[in-house]
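> Structure file input26.cif (mmCIF, C-alpha atoms) is given on the next line.
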```cif
data_entry
loop_
_atom_site.label_atom_id
_atom_site.label_comp_id
_atom_site.auth_asym_id
_atom_site.auth_seq_id
_atom_site.Cartn_x
_atom_site.Cartn_y
_atom_site.Cartn_z
CA MET A 1 101.33 101.66 118.10
CA LYS A 2 104.44 99.91 119.39
CA ALA A 3 107.90 101.41 118.91
CA LEU A 4 111.45 101.15 120.22
CA VAL A 5 112.07 104.25 122.32
CA PHE A 6 115.47 105.57 123.41
CA GLN A 7 115.37 106.28 127.14
CA GLY A 8 118.91 107.55 127.61
CA PRO A 9 122.37 105.98 127.35
CA GLY A 10 122.13 102.23 127.75
CA LYS A 11 118.32 102.19 127.93
CA THR A 12 115.57 101.44 125.40
CA SER A 13 112.02 100.11 125.66
CA TRP A 14 109.51 98.53 123.25
CA GLN A 15 106.41 100.42 124.27
CA ASP A 16 103.14 102.04 123.24
CA VAL A 17 103.48 105.47 121.64
CA PRO A 18 100.97 107.62 119.72
CA ASP A 19 100.45 106.75 116.06
CA PRO A 20 102.12 109.33 113.78
CA GLY A 21 100.11 111.64 111.59
CA ILE A 22 100.67 114.19 108.85
CA LYS A 23 102.33 117.32 110.25
CA ASP A 24 103.46 119.00 107.05
CA ALA A 25 102.01 118.94 103.56
CA ALA A 26 105.10 117.09 102.22
CA ASP A 27 104.81 114.21 104.73
CA ALA A 28 103.84 110.59 104.20
CA VAL A 29 102.90 108.06 106.86
CA VAL A 30 104.23 104.59 106.12
CA ARG A 31 103.21 101.30 107.72
CA VAL A 32 106.46 99.47 108.44
CA ASP A 33 106.66 95.99 106.95
CA ALA A 34 110.43 95.45 107.21
CA VAL A 35 112.98 97.28 109.31
CA THR A 36 116.57 96.72 110.32
CA ILE A 37 119.13 97.82 112.91
CA CYS A 38 122.23 99.88 112.11
CA GLY A 39 125.53 100.15 113.92
CA THR A 40 124.70 103.84 114.30
CA ASP A 41 121.73 102.81 116.47
CA LEU A 42 124.20 101.07 118.79
CA HIS A 43 126.28 104.26 118.92
CA ILE A 44 123.14 106.20 119.90
CA ILE A 45 122.33 103.78 122.70
CA LYS A 46 125.92 104.02 123.96
CA GLY A 47 125.50 107.79 124.20
CA ASP A 48 127.82 108.65 121.29
CA VAL A 49 125.17 110.79 119.54
CA PRO A 50 124.03 113.33 122.16
CA GLU A 51 121.60 115.04 119.75
CA VAL A 52 119.23 112.08 120.21
CA VAL A 53 117.04 112.97 123.17
CA PRO A 54 115.29 110.47 125.45
CA GLY A 55 111.82 109.66 124.14
CA THR A 56 112.92 109.41 120.49
CA VAL A 57 111.82 106.40 118.45
CA LEU A 58 114.99 104.89 116.97
CA GLY A 59 115.69 103.62 113.45
CA HIS A 60 116.28 105.12 110.01
CA GLU A 61 115.82 102.19 107.58
CA ALA A 62 112.54 100.60 106.51
CA VAL A 63 110.30 99.24 103.79
CA GLY A 64 106.54 99.59 104.07
CA GLU A 65 103.24 100.71 102.59
CA VAL A 66 102.13 104.32 102.30
CA VAL A 67 98.91 104.82 104.28
CA GLU A 68 98.56 108.62 104.26
CA ILE A 69 100.10 111.51 102.34
CA GLY A 70 100.14 115.27 102.69
CA SER A 71 98.59 117.57 100.12
CA GLU A 72 101.91 118.39 98.43
CA VAL A 73 103.09 114.79 97.88
CA ARG A 74 103.10 113.88 94.19
CA THR A 75 105.32 110.82 93.66
CA VAL A 76 103.59 108.24 95.87
CA ARG A 77 100.07 107.51 97.00
CA PRO A 78 98.39 105.32 99.65
CA GLY A 79 98.88 101.65 98.89
CA ASP A 80 102.34 102.06 97.32
CA ARG A 81 105.12 99.83 98.67
CA VAL A 82 108.14 102.02 99.28
CA LEU A 83 111.68 102.13 100.55
CA VAL A 84 112.16 104.68 103.34
CA SER A 85 115.56 106.31 102.92
CA CYS A 86 117.79 106.99 105.91
CA ILE A 87 118.17 110.55 104.59
CA SER A 88 115.35 113.05 104.09
CA ALA A 89 115.77 115.83 101.53
CA CYS A 90 113.88 119.11 101.32
CA GLY A 91 114.93 119.47 97.67
CA ARG A 92 115.19 123.27 97.90
CA CYS A 93 118.25 124.23 99.93
CA ARG A 94 121.73 124.76 98.50
CA PHE A 95 122.96 121.29 99.41
CA CYS A 96 119.90 119.46 98.10
CA ARG A 97 120.30 121.29 94.79
CA GLU A 98 123.85 119.85 94.70
CA ASN A 99 122.47 116.33 95.42
CA ARG A 100 124.14 116.46 98.85
CA TYR A 101 121.00 115.46 100.70
CA GLY A 102 122.88 114.39 103.82
CA GLN A 103 123.77 118.05 104.40
CA CYS A 104 120.22 119.34 103.87
CA ARG A 105 119.59 122.67 105.61
CA GLY A 106 115.86 122.77 104.96
CA GLY A 107 114.79 120.40 107.72
CA GLY A 108 116.10 117.18 106.20
CA GLY A 109 119.36 115.26 106.32
CA TRP A 110 119.66 112.44 108.82
CA VAL A 111 116.58 113.19 110.90
CA LEU A 112 114.77 109.84 111.26
CA GLY A 113 115.69 108.20 114.55
CA HIS A 114 117.99 111.14 115.23
CA LEU A 115 116.12 114.43 115.45
CA ILE A 116 112.59 113.05 114.92
CA ASP A 117 110.92 109.70 115.55
CA GLY A 118 112.28 106.93 113.38
CA THR A 119 111.39 103.66 111.70
CA GLN A 120 111.68 101.02 114.42
CA ALA A 121 107.95 101.13 114.95
CA GLU A 122 104.72 99.96 113.40
CA PHE A 123 104.29 103.30 111.58
CA VAL A 124 106.62 106.17 110.71
CA ARG A 125 106.07 109.73 109.51
CA VAL A 126 108.50 110.50 106.67
CA PRO A 127 109.13 114.18 105.88
CA PHE A 128 109.71 115.38 102.31
CA ALA A 129 108.24 112.16 100.95
CA ASP A 130 108.74 112.99 97.27
CA LEU A 131 112.52 112.72 97.65
CA SER A 132 112.72 110.54 100.76
CA VAL A 133 110.77 107.42 99.80
CA HIS A 134 111.23 105.29 96.69
CA PRO A 135 108.51 103.14 95.08
CA LEU A 136 109.62 99.51 94.89
CA PRO A 137 109.16 97.15 91.95
CA SER A 138 107.38 93.91 92.76
CA SER A 139 110.50 91.95 91.80
CA VAL A 140 112.44 93.26 94.82
CA ASP A 141 111.67 91.56 98.12
CA SER A 142 111.13 93.83 101.13
CA HIS A 143 113.81 92.08 103.19
CA ASP A 144 116.31 92.73 100.40
CA ALA A 145 115.17 96.26 99.65
CA VAL A 146 115.67 97.42 103.25
CA LEU A 147 119.43 97.12 102.66
CA LEU A 148 119.10 100.02 100.21
CA ALA A 149 117.90 102.38 102.93
CA ASP A 150 121.38 102.88 104.33
CA ILE A 151 124.17 100.29 104.04
CA PHE A 152 124.44 100.01 100.28
CA PRO A 153 124.22 103.77 99.55
CA THR A 154 126.66 104.45 102.41
CA ALA A 155 129.12 101.82 101.22
CA TYR A 156 128.87 102.97 97.61
CA GLU A 157 128.96 106.73 98.13
CA VAL A 158 131.09 107.21 101.26
CA GLY A 159 133.35 104.20 100.75
CA VAL A 160 133.72 103.42 97.05
CA LEU A 161 133.05 106.78 95.37
CA ASN A 162 134.77 108.93 98.00
CA GLY A 163 137.64 106.43 98.05
CA ARG A 164 137.97 106.70 94.24
CA VAL A 165 138.13 102.95 93.74
CA SER A 166 139.37 102.24 90.21
CA PRO A 167 140.09 99.14 88.11
CA GLY A 168 143.21 97.34 89.28
CA ASP A 169 143.34 99.02 92.70
CA THR A 170 144.28 97.31 95.91
CA VAL A 171 141.41 98.06 98.29
CA VAL A 172 141.56 97.37 102.03
CA VAL A 173 138.32 97.37 104.01
CA VAL A 174 138.89 97.60 107.76
CA GLY A 175 135.77 96.30 109.50
CA ALA A 176 133.70 93.51 107.94
CA GLY A 177 130.40 94.42 109.54
CA PRO A 178 127.35 95.25 107.40
CA ILE A 179 128.83 98.46 105.95
CA GLY A 180 132.22 96.91 105.36
CA LEU A 181 130.71 93.90 103.61
CA ALA A 182 128.50 96.14 101.48
CA THR A 183 131.65 98.11 100.60
CA ILE A 184 133.33 94.92 99.40
CA ALA A 185 130.32 94.11 97.22
CA ALA A 186 130.16 97.67 95.84
CA ALA A 187 133.91 97.89 95.24
CA ARG A 188 133.76 94.77 93.07
CA LEU A 189 131.66 96.74 90.59
CA TYR A 190 134.85 98.66 89.75
CA THR A 191 137.03 95.54 89.18
CA PRO A 192 139.79 96.29 91.69
CA GLY A 193 142.93 94.17 91.49
CA LYS A 194 142.47 92.81 94.99
CA ILE A 195 140.28 93.41 98.03
CA ILE A 196 141.62 92.74 101.52
CA ALA A 197 139.25 92.57 104.50
CA VAL A 198 140.31 93.13 108.11
CA ASP A 199 138.21 92.21 111.13
CA LEU A 200 138.48 90.50 114.52
CA ALA A 201 135.60 88.04 113.99
CA GLU A 202 136.26 84.97 111.85
CA SER A 203 132.57 84.72 110.96
CA ARG A 204 132.73 88.18 109.37
CA LEU A 205 135.96 87.40 107.56
CA ALA A 206 134.26 84.30 106.15
CA ALA A 207 131.38 86.50 104.99
CA ALA A 208 133.91 88.86 103.38
CA ARG A 209 135.42 85.98 101.43
CA ALA A 210 131.95 84.87 100.32
CA LEU A 211 131.25 88.39 99.02
CA GLY A 212 134.46 88.56 97.02
CA ALA A 213 137.37 89.56 99.27
CA ASP A 214 140.57 88.12 97.82
CA ALA A 215 142.36 88.02 101.18
CA THR A 216 141.30 88.33 104.79
CA VAL A 217 143.25 88.89 107.97
CA SER A 218 142.43 89.20 111.64
CA ALA A 219 142.97 92.64 113.09
CA ALA A 220 145.00 90.87 115.80
CA GLU A 221 147.45 89.33 113.29
CA GLU A 222 149.43 92.23 111.81
CA PRO A 223 147.19 93.29 108.91
CA GLU A 224 149.62 96.07 108.06
CA ALA A 225 152.32 93.49 107.34
CA LEU A 226 149.98 91.54 105.06
CA VAL A 227 149.06 94.67 103.12
CA ALA A 228 152.74 95.53 102.74
CA ASP A 229 153.50 92.00 101.51
CA LEU A 230 150.67 92.05 98.96
CA THR A 231 151.65 95.47 97.59
CA GLU A 232 155.44 95.03 97.52
CA GLY A 233 155.73 97.48 100.39
CA LEU A 234 153.84 100.25 98.61
CA GLY A 235 150.56 100.22 100.55
CA ALA A 236 146.94 100.09 99.41
CA ASP A 237 145.46 102.44 96.83
CA VAL A 238 142.26 102.78 98.86
CA VAL A 239 141.65 102.02 102.52
CA VAL A 240 138.09 102.15 103.86
CA GLU A 241 137.58 102.60 107.60
CA ALA A 242 134.29 100.93 108.52
CA VAL A 243 134.57 100.52 112.30
CA GLY A 244 134.62 103.94 113.95
CA VAL A 245 137.31 103.72 116.63
CA PRO A 246 140.62 105.62 116.84
CA GLU A 247 142.79 102.53 116.53
CA THR A 248 141.31 101.41 113.22
CA PHE A 249 141.37 104.90 111.71
CA GLU A 250 145.05 105.27 112.59
CA MET A 251 145.72 101.78 111.17
CA CYS A 252 144.12 102.85 107.90
CA THR A 253 146.41 105.87 107.58
CA ARG A 254 149.41 103.59 108.02
CA MET A 255 148.27 101.15 105.31
CA VAL A 256 147.58 103.63 102.51
CA ARG A 257 150.17 104.23 99.78
CA PRO A 258 151.58 107.64 98.88
CA GLY A 259 148.93 109.35 96.76
CA GLY A 260 146.25 106.96 97.99
CA CYS A 261 142.95 107.59 99.71
CA VAL A 262 141.53 106.79 103.15
CA ALA A 263 137.73 106.84 103.08
CA ASN A 264 136.28 107.06 106.56
CA VAL A 265 132.82 105.49 106.80
CA GLY A 266 132.75 104.51 110.48
CA VAL A 267 130.82 106.56 113.06
CA HIS A 268 133.31 107.82 115.63
CA GLY A 269 132.44 108.54 119.23
CA LYS A 270 135.96 109.55 120.29
CA PRO A 271 138.76 111.67 118.80
CA ALA A 272 141.35 109.95 116.63
CA SER A 273 144.92 111.16 116.17
CA LEU A 274 145.88 112.44 112.75
CA HIS A 275 149.61 111.81 112.37
CA LEU A 276 150.46 114.66 110.04
CA GLU A 277 154.13 114.27 110.98
CA ASP A 278 154.03 111.13 108.80
CA LEU A 279 151.23 111.94 106.37
CA TRP A 280 152.06 115.48 105.24
CA ILE A 281 154.62 114.25 102.73
CA LYS A 282 152.60 111.34 101.32
CA ASP A 283 149.95 113.19 99.25
CA VAL A 284 147.26 111.20 101.04
CA THR A 285 143.58 112.12 100.67
CA ILE A 286 141.33 111.51 103.68
CA THR A 287 137.59 111.74 103.11
CA THR A 288 134.69 111.72 105.51
CA GLY A 289 131.01 111.84 104.80
CA LEU A 290 127.41 111.24 105.70
CA VAL A 291 125.59 109.35 102.99
CA ASP A 292 123.50 111.48 100.62
CA THR A 293 121.46 108.57 99.17
CA ASN A 294 121.48 110.23 95.74
CA SER A 295 122.62 106.82 94.42
CA THR A 296 119.57 104.97 95.75
CA PRO A 297 117.63 104.89 92.43
CA LEU A 298 120.72 103.49 90.67
CA LEU A 299 121.31 100.86 93.35
CA LEU A 300 117.64 99.91 93.28
CA ARG A 301 117.87 99.25 89.55
CA MET A 302 120.98 97.17 90.13
CA MET A 303 119.30 95.12 92.84
CA ALA A 304 116.27 94.53 90.62
CA ALA A 305 118.68 93.27 87.93
CA GLY A 306 120.38 90.91 90.38
CA ARG A 307 123.67 92.83 90.44
CA LEU A 308 123.80 93.43 94.21
CA PRO A 309 124.00 90.64 96.80
CA SER A 310 121.46 90.82 99.58
CA ALA A 311 120.65 87.43 101.07
CA GLU A 312 124.32 86.97 101.98
CA LEU A 313 124.15 90.00 104.27
CA VAL A 314 120.98 89.10 106.20
CA THR A 315 121.74 86.48 108.83
CA HIS A 316 118.79 86.78 111.23
CA HIS A 317 115.05 87.39 110.88
CA PHE A 318 112.70 88.46 113.68
CA GLU A 319 109.11 89.52 114.20
CA LEU A 320 108.75 93.26 114.69
CA GLY A 321 107.78 92.73 118.33
CA GLN A 322 111.11 90.95 118.95
CA MET A 323 112.97 94.25 118.60
CA GLN A 324 114.89 94.02 121.85
CA GLU A 325 115.88 90.40 121.18
CA ALA A 326 117.10 91.47 117.74
CA TYR A 327 119.19 94.24 119.30
CA GLU A 328 120.72 91.74 121.71
CA VAL A 329 121.72 89.45 118.83
CA PHE A 330 123.01 92.31 116.67
CA SER A 331 125.00 93.93 119.47
CA ARG A 332 126.80 90.64 120.22
CA ALA A 333 127.73 89.98 116.60
CA ALA A 334 131.09 88.43 117.47
CA GLU A 335 129.27 85.72 119.42
CA THR A 336 126.08 85.37 117.37
CA GLY A 337 127.54 85.73 113.87
CA ALA A 338 124.99 88.45 113.09
CA ILE A 339 125.66 90.65 110.10
CA LYS A 340 122.36 92.31 109.27
CA VAL A 341 119.11 91.54 111.10
CA VAL A 342 115.74 92.21 109.49
CA LEU A 343 112.47 92.49 111.38
CA GLY A 344 108.95 92.24 110.08
CA GLY A 345 105.82 90.82 111.59
CA PRO A 346 102.09 91.06 112.09
CA ARG A 347 100.65 94.18 110.53
CA HIS A 348 98.97 96.96 112.46
CA ASP A 349 96.22 97.61 109.93
CA ALA A 350 94.60 100.67 111.49
CA VAL A 351 96.24 103.99 112.17
CA THR A 352 94.66 106.60 114.37
CA LEU A 353 95.39 110.02 112.94
CA PRO A 354 95.22 113.14 115.11
CA THR A 355 92.06 115.21 114.69
#
```
Is it possible to express this structure as structure tokens?

Amino acid sequence: MKALVFQGPGKTSWQDVPDPGIKDAADAVVRVDAVTICGTDLHIIKGDVPEVVPGTVLGHEAVGEVVEIGSEVRTVRPGDRVLVSCISACGRCRFCRENRYGQCRGGGGWVLGHLIDGTQAEFVRVPFADLSVHPLPSSVDSHDAVLLADIFPTAYEVGVLNGRVSPGDTVVVVGAGPIGLATIAAARLYTPGKIIAVDLAESRLAAARALGADATVSAAEEPEALVADLTEGLGADVVVEAVGVPETFEMCTRMVRPGGCVANVGVHGKPASLHLEDLWIKDVTITTGLVDTNSTPLLLRMMAAGRLPSAELVTHHFELGQMQEAYEVFSRAAETGAIKVVLGGPRHDAVTLPT
């Protein structure tokens, strides 16, 4: 099959690799019909995630059809159309029993496109299939459903729930990329008083307004002053960091009110300063987190009911074989206006399983 293979910092290739097969009794092999690219994939290619070794197939988000299952799989069968979650869960370890699948110690967690071959391929082996893939109703389109693999659960769990968004709150989202925009959409479910989006790209600020942001401001135009003006100098109740660089994290800690919450969602490749000389007296809560995806069934029901936006987030469509072109467009989002790109193309209808 064809797959996008990480070859080391700054290098990838769309190349032939062996078709995956069942390795463990809890596995499923899924034919990929729709896949997308995450900002975390860009961090991997930059070299920010050293655990990813050269030769790894990238990607951790997909929708497809089950073609093979292991003997222990009970919840899906060949022919089922499924969502492949970005997180795999063994279901047995301490953290899985607490629904903290992202911290799985039984061989799961974030493994696809990280510690094992991922989804940016014609086929993918998914471990722990009973908890790691979700059957899709026919009413949900594959190109919409793929947004439930990562960005919506991450925005909802790590941004909105960790940030304790409540009715009437002032919520600031720093970074209006895919995760930031999904955070705006998810925060609206809790009827905040106002949502303020911060970004450098006008195209992304326009998308934020379309998704419900009440105010937008360029990161180059004193967003801290705007937040102060809109909160009578108090600061925001919740500030969500959705970029992953030191400057934006430190900006978030300056914009939060006493007793407020900073929810860090961004993937950081460098240390950020924590100014405890200013924060120690403010009763500020700072949260971090890897998504657990325990909210995926809920979000899937909401999408099926038309309660989550999806088309507004997908700006570009490609054939699966245009993977490197899609990466080029996605990585230059400020120029191309890309928010989320979705790939899907001609099907590879035969899989060769190891003997």
> Once the PyMOL selection byres ((chain A and resi 238) around 9) has been applied to the shown file, what residues remain in the selection, as a PDB file with C-alpha atoms, in the frame of the given file?

```pdb
ATOM      1  CA  VAL A 160     133.720 103.420  97.050  1.00  0.00           C
ATOM      2  CA  GLY A 163     137.640 106.430  98.050  1.00  0.00           C
ATOM      3  CA  ARG A 164     137.970 106.700  94.240  1.00  0.00           C
ATOM      4  CA  VAL A 165     138.130 102.950  93.740  1.00  0.00           C
ATOM      5  CA  ASP A 169     143.340  99.020  92.700  1.00  0.00           C
ATOM      6  CA  THR A 170     144.280  97.310  95.910  1.00  0.00           C
ATOM      7  CA  VAL A 171     141.410  98.060  98.290  1.00  0.00           C
ATOM      8  CA  VAL A 172     141.560  97.370 102.030  1.00  0.00           C
ATOM      9  CA  VAL A 173     138.320  97.370 104.010  1.00  0.00           C
ATOM     10  CA  GLY A 235     150.560 100.220 100.550  1.00  0.00           C
ATOM     11  CA  ALA A 236     146.940 100.090  99.410  1.00  0.00           C
ATOM     12  CA  ASP A 237     145.460 102.440  96.830  1.00  0.00           C
ATOM     13  CA  VAL A 239     141.650 102.020 102.520  1.00  0.00           C
ATOM     14  CA  VAL A 240     138.090 102.150 103.860  1.00  0.00           C
ATOM     15  CA  MET A 255     148.270 101.150 105.310  1.00  0.00           C
ATOM     16  CA  VAL A 256     147.580 103.630 102.510  1.00  0.00           C
ATOM     17  CA  ARG A 257     150.170 104.230  99.780  1.00  0.00           C
ATOM     18  CA  GLY A 260     146.250 106.960  97.990  1.00  0.00           C
ATOM     19  CA  CYS A 261     142.950 107.590  99.710  1.00  0.00           C
ATOM     20  CA  VAL A 262     141.530 106.790 103.150  1.00  0.00           C
ATOM     21  CA  ALA A 263     137.730 106.840 103.080  1.00  0.00           C
TER      22      ALA A 263
END
```
> Which residue, A:Gly64, A:Gly269, A:Gly39, A:Gly21, has the smallest gap to His143 (chain A) when you use all atoms listed in the file?
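Using all atoms listed in the file, the shortest distance to His143 (chain A) belongs to A:Gly64.
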> Can I get the residues of region 78-151 of chain A within 10 Å of region 316-330 of chain A, each with the closest pair of atoms and their distance in Å to one decimal, using only C-alpha atoms, sorted chain first then ascending number, as CSV?

```
residue,atom,partner,partner_atom,distance
A:Gln120,CA,A:Met323,CA,8.1
A:Ala121,CA,A:Leu320,CA,7.9
A:Glu122,CA,A:Leu320,CA,7.9
A:His143,CA,A:His317,CA,9.1
```
> One number please: CA of Thr336 (chain A) to CA of Val314 (chain A), in Å, one decimal.
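Computed distance, CA of Thr336 (chain A) to CA of Val314 (chain A), equals 12.8 Å.
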> Enter the distance from CA of Met302 (chain A) to CA of Phe152 (chain A), in Å, rounded to one decimal.
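Those two atoms sit 11.1 Å apart.
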